[in-house]
Amino acid sequence: MSRSPLRPALGAARLTRLGLGLWLVLAVAPLALAAPVDLSACASIASDAARLACYDRAAGRAPAALAAPPPERPAMTAPAAPGAAVAATPSSDSMIETAWGLNPESGRYGIAFYRPNYMLLASYSSRPNDAAFKQLFTALEAEDAELDSAEAQFQISFKARLWATENRRFGVWAAYTQQNQWQVYNDELSRPFRETNYQPELLVSYDPDLSFGGFHWRLLNFGYNHQSNGRSDPISRSWDRLIAELGIERGNFALLVRPWLVIDEGGDDNPDITDYYGNGDITGVYKWQGHSFSLMARGNIDTKKGAAQLTWTSPAFLGPLRAYVYGFTGYGQSMIDYDWKQNVIGVGLALNDLLDGSLRER
């Protein structure tokens with residue numbers, strides 16, 4: 001008679017049951033003299049480790065050593081949408097290095113803040129420039145029309161690094177800044193945008209990385225700058241410049257010096273613009289406990305005309321938003337006002353100061 005193929009398996013099963021029986025006898029025997037343990041109490045324990053320890057005690061064996069907990073995983077962030085910017089996290093004590101992505105750990109390509117991005121909810125001028133619009137008012141048969149002293153003002157500004165060396169000391173940037181003056185409270189003139197200035201730039205950036213007298217020379221830029229208000233005569237304004245920028249810093253203080261060479265004064269639009277803007281500006285930035293203060297000065301020594309601008313940016317208090325106070329005195333608060341002197345003060349909100357350009361990678 002042939003042997004059933006199931007017999008070896010059944011024999012093995014019997015041996016297995018026998019082995020389990022012997023194991024249970026050996027395991028339970030030491031408990032004969034011990035106090036009885038309610039196994040249902042072990043089963044009701046939610047924690048796997050504590051429940052196993054309870055069964056171990058019931059079996060009379062030492063509790064198993066608990067495995068070390070798995071390493072804590074870093075906090076997860078929501079995945080970025082395709083093509084969205086992702087914040088890089090290089091750390092640096094240098095304001096200029098942070099603003100211009102000069103740290104080797106910064107993204108090689110990406111977008112960053114450039115000039116301050118702000119919204120002045122209220123901006124007051126001591127002397128609104130009605131003169132520039134008189135011809136328009138006459139053509140519209142609105143000779144009595146006038147600008148409000150109070151208006152809103154906002155600016156958007158960003159830069160994008162197009163190329164950089166491995167150590168980030170050389171880079172090529174494209175930048176764009178747009179400033180708008182908005183007569184939002186002037187319902188008699190249908191709340192028009194009084195002025196919009198467009199300013200694209202192309203820059204080559206270099207980090208000299210030199211120290212002298214306690215200061216650190218961190219920035220040397222050179223590039224092309226076009227600025228215009230995009231309007232037709234009689235209120236068209238435009239000019240083109242080659243601009244260099246030197247940035248040095250010491251601790252929480254930075255000094256930015258920008259000389260420029262005018263290559264096109266805009267023809268008949270504003271042929272004497274350098275009489276008021278001069279051939280450069282100087283800006284100091286000081287940061288203290290999250291606050292940022294800046295002071296800009298420019299002018300023409302020969303004509304004794306120029307301007308100064310003072311700003312204060314608070315620490316962030318509502319998400320990324322900061323309080324922003326803006327003060328200006330002199331000529332050229334906007335291009336339409338290049339030859340118009342006034343004092344302006346405004347309050348509002350800002351996203352960044354002049355040296356807060358955390359680079360974002362693609």
# chains A, B, ... in the order shown; residues from 1 in each chain; ligands from 1
>>> residues_around(residues="stretch 219-233 of chain A", least_positions_apart="3", cutoff="6 Å", atoms="only C-alpha atoms", output="list in words")
Thr196, Asn197, Tyr198, Gln199, Pro200, Glu201, Leu202, Leu203, Val204, Ser205, Tyr206, Asp207, Ser236, Arg237, Ser238, Trp239, Asp240, Arg241, Leu242, Ile243, Ala244, Glu245, Leu246 and Gly247 of chain A
>>> select_by_dssp(residues="stretch 151-279 of chain A", states="strand (DSSP E or B)", output="VMD selection string")
chain A and resid 151 to 164 170 to 182 193 to 206 210 to 212 215 to 228 238 to 250 253 to 264
>>> residues_around(residues="A:Ile282", least_positions_apart="5", cutoff="9 Å", atoms="only C-alpha atoms", output="ChimeraX atom specification")
/A:255-259,295-298
>>> write_last_selection(atoms="C-alpha atoms", output="mmCIF file, in the first residue's frame")
data_model
loop_
_atom_site.group_PDB
_atom_site.id
_atom_site.type_symbol
_atom_site.label_atom_id
_atom_site.label_comp_id
_atom_site.auth_asym_id
_atom_site.auth_seq_id
_atom_site.Cartn_x
_atom_site.Cartn_y
_atom_site.Cartn_z
ATOM 1 C CA LEU A 255 26.303 100.486 4.446
ATOM 2 C CA LEU A 256 25.284 100.331 0.781
ATOM 3 C CA VAL A 257 26.890 102.789 -1.660
ATOM 4 C CA ARG A 258 25.454 103.058 -5.195
ATOM 5 C CA PRO A 259 27.200 105.301 -7.751
ATOM 6 C CA LEU A 295 18.398 105.994 6.035
ATOM 7 C CA MET A 296 19.016 106.868 2.377
ATOM 8 C CA ALA A 297 20.600 110.085 1.112
ATOM 9 C CA ARG A 298 21.275 111.264 -2.440
#
>>> residues_around(residues="A:Arg218", least_positions_apart="2", cutoff="7 Å", atoms="only C-alpha atoms", output="list in words")
Ile96, Glu97, Asp207, Pro208, Asp209, His216, Gly247 and Ile248 of chain A
>>> write_last_selection(atoms="N, CA and C atoms", output="PDB file, in the first residue's frame")
ATOM      1  N   ILE A  96      24.117  90.956   4.595  1.00  0.00           N
ATOM      2  CA  ILE A  96      24.308  91.033   3.146  1.00  0.00           C
ATOM      3  C   ILE A  96      24.398  89.633   2.540  1.00  0.00           C
ATOM      4  N   GLU A  97      25.104  88.742   3.217  1.00  0.00           N
ATOM      5  CA  GLU A  97      25.232  87.372   2.722  1.00  0.00           C
ATOM      6  C   GLU A  97      23.866  86.702   2.621  1.00  0.00           C
ATOM      7  N   ASP A 207      31.098  88.633  -4.290  1.00  0.00           N
ATOM      8  CA  ASP A 207      31.424  88.771  -2.873  1.00  0.00           C
ATOM      9  C   ASP A 207      32.943  88.913  -2.721  1.00  0.00           C
ATOM     10  N   PRO A 208      33.468  90.135  -2.470  1.00  0.00           N
ATOM     11  CA  PRO A 208      34.915  90.314  -2.326  1.00  0.00           C
ATOM     12  C   PRO A 208      35.479  89.609  -1.103  1.00  0.00           C
ATOM     13  N   ASP A 209      34.665  89.485  -0.031  1.00  0.00           N
ATOM     14  CA  ASP A 209      35.074  88.784   1.188  1.00  0.00           C
ATOM     15  C   ASP A 209      36.390  89.346   1.741  1.00  0.00           C
ATOM     16  N   HIS A 216      33.383  94.393   7.079  1.00  0.00           N
ATOM     17  CA  HIS A 216      33.538  93.279   6.143  1.00  0.00           C
ATOM     18  C   HIS A 216      32.910  93.686   4.814  1.00  0.00           C
ATOM     19  N   GLY A 247      28.647  96.961  -0.816  1.00  0.00           N
ATOM     20  CA  GLY A 247      28.019  96.695   0.474  1.00  0.00           C
ATOM     21  C   GLY A 247      29.032  96.238   1.507  1.00  0.00           C
ATOM     22  N   ILE A 248      29.127  96.988   2.606  1.00  0.00           N
ATOM     23  CA  ILE A 248      30.000  96.606   3.707  1.00  0.00           C
ATOM     24  C   ILE A 248      29.151  96.535   4.972  1.00  0.00           C
TER      25      ILE A 248
END
>>> residues_around(residues="stretch 132-138 of chain A", least_positions_apart="6", cutoff="9 Å", atoms="only C-alpha atoms", output="list in words")
Asp144, Ala145, Glu146, Pro234, Ile235, Ile336 and Asp337 of chain A
>>> atom_distance(atom1="atom CA of A:Asp130", atom2="atom CA of A:Gly306")
20.4 Å
>>> closest_residue(among="A:Asp93, A:Asp148, A:Glu166, A:Asp339", to="A:Asp269", atoms="only C-alpha atoms")
A:Asp339
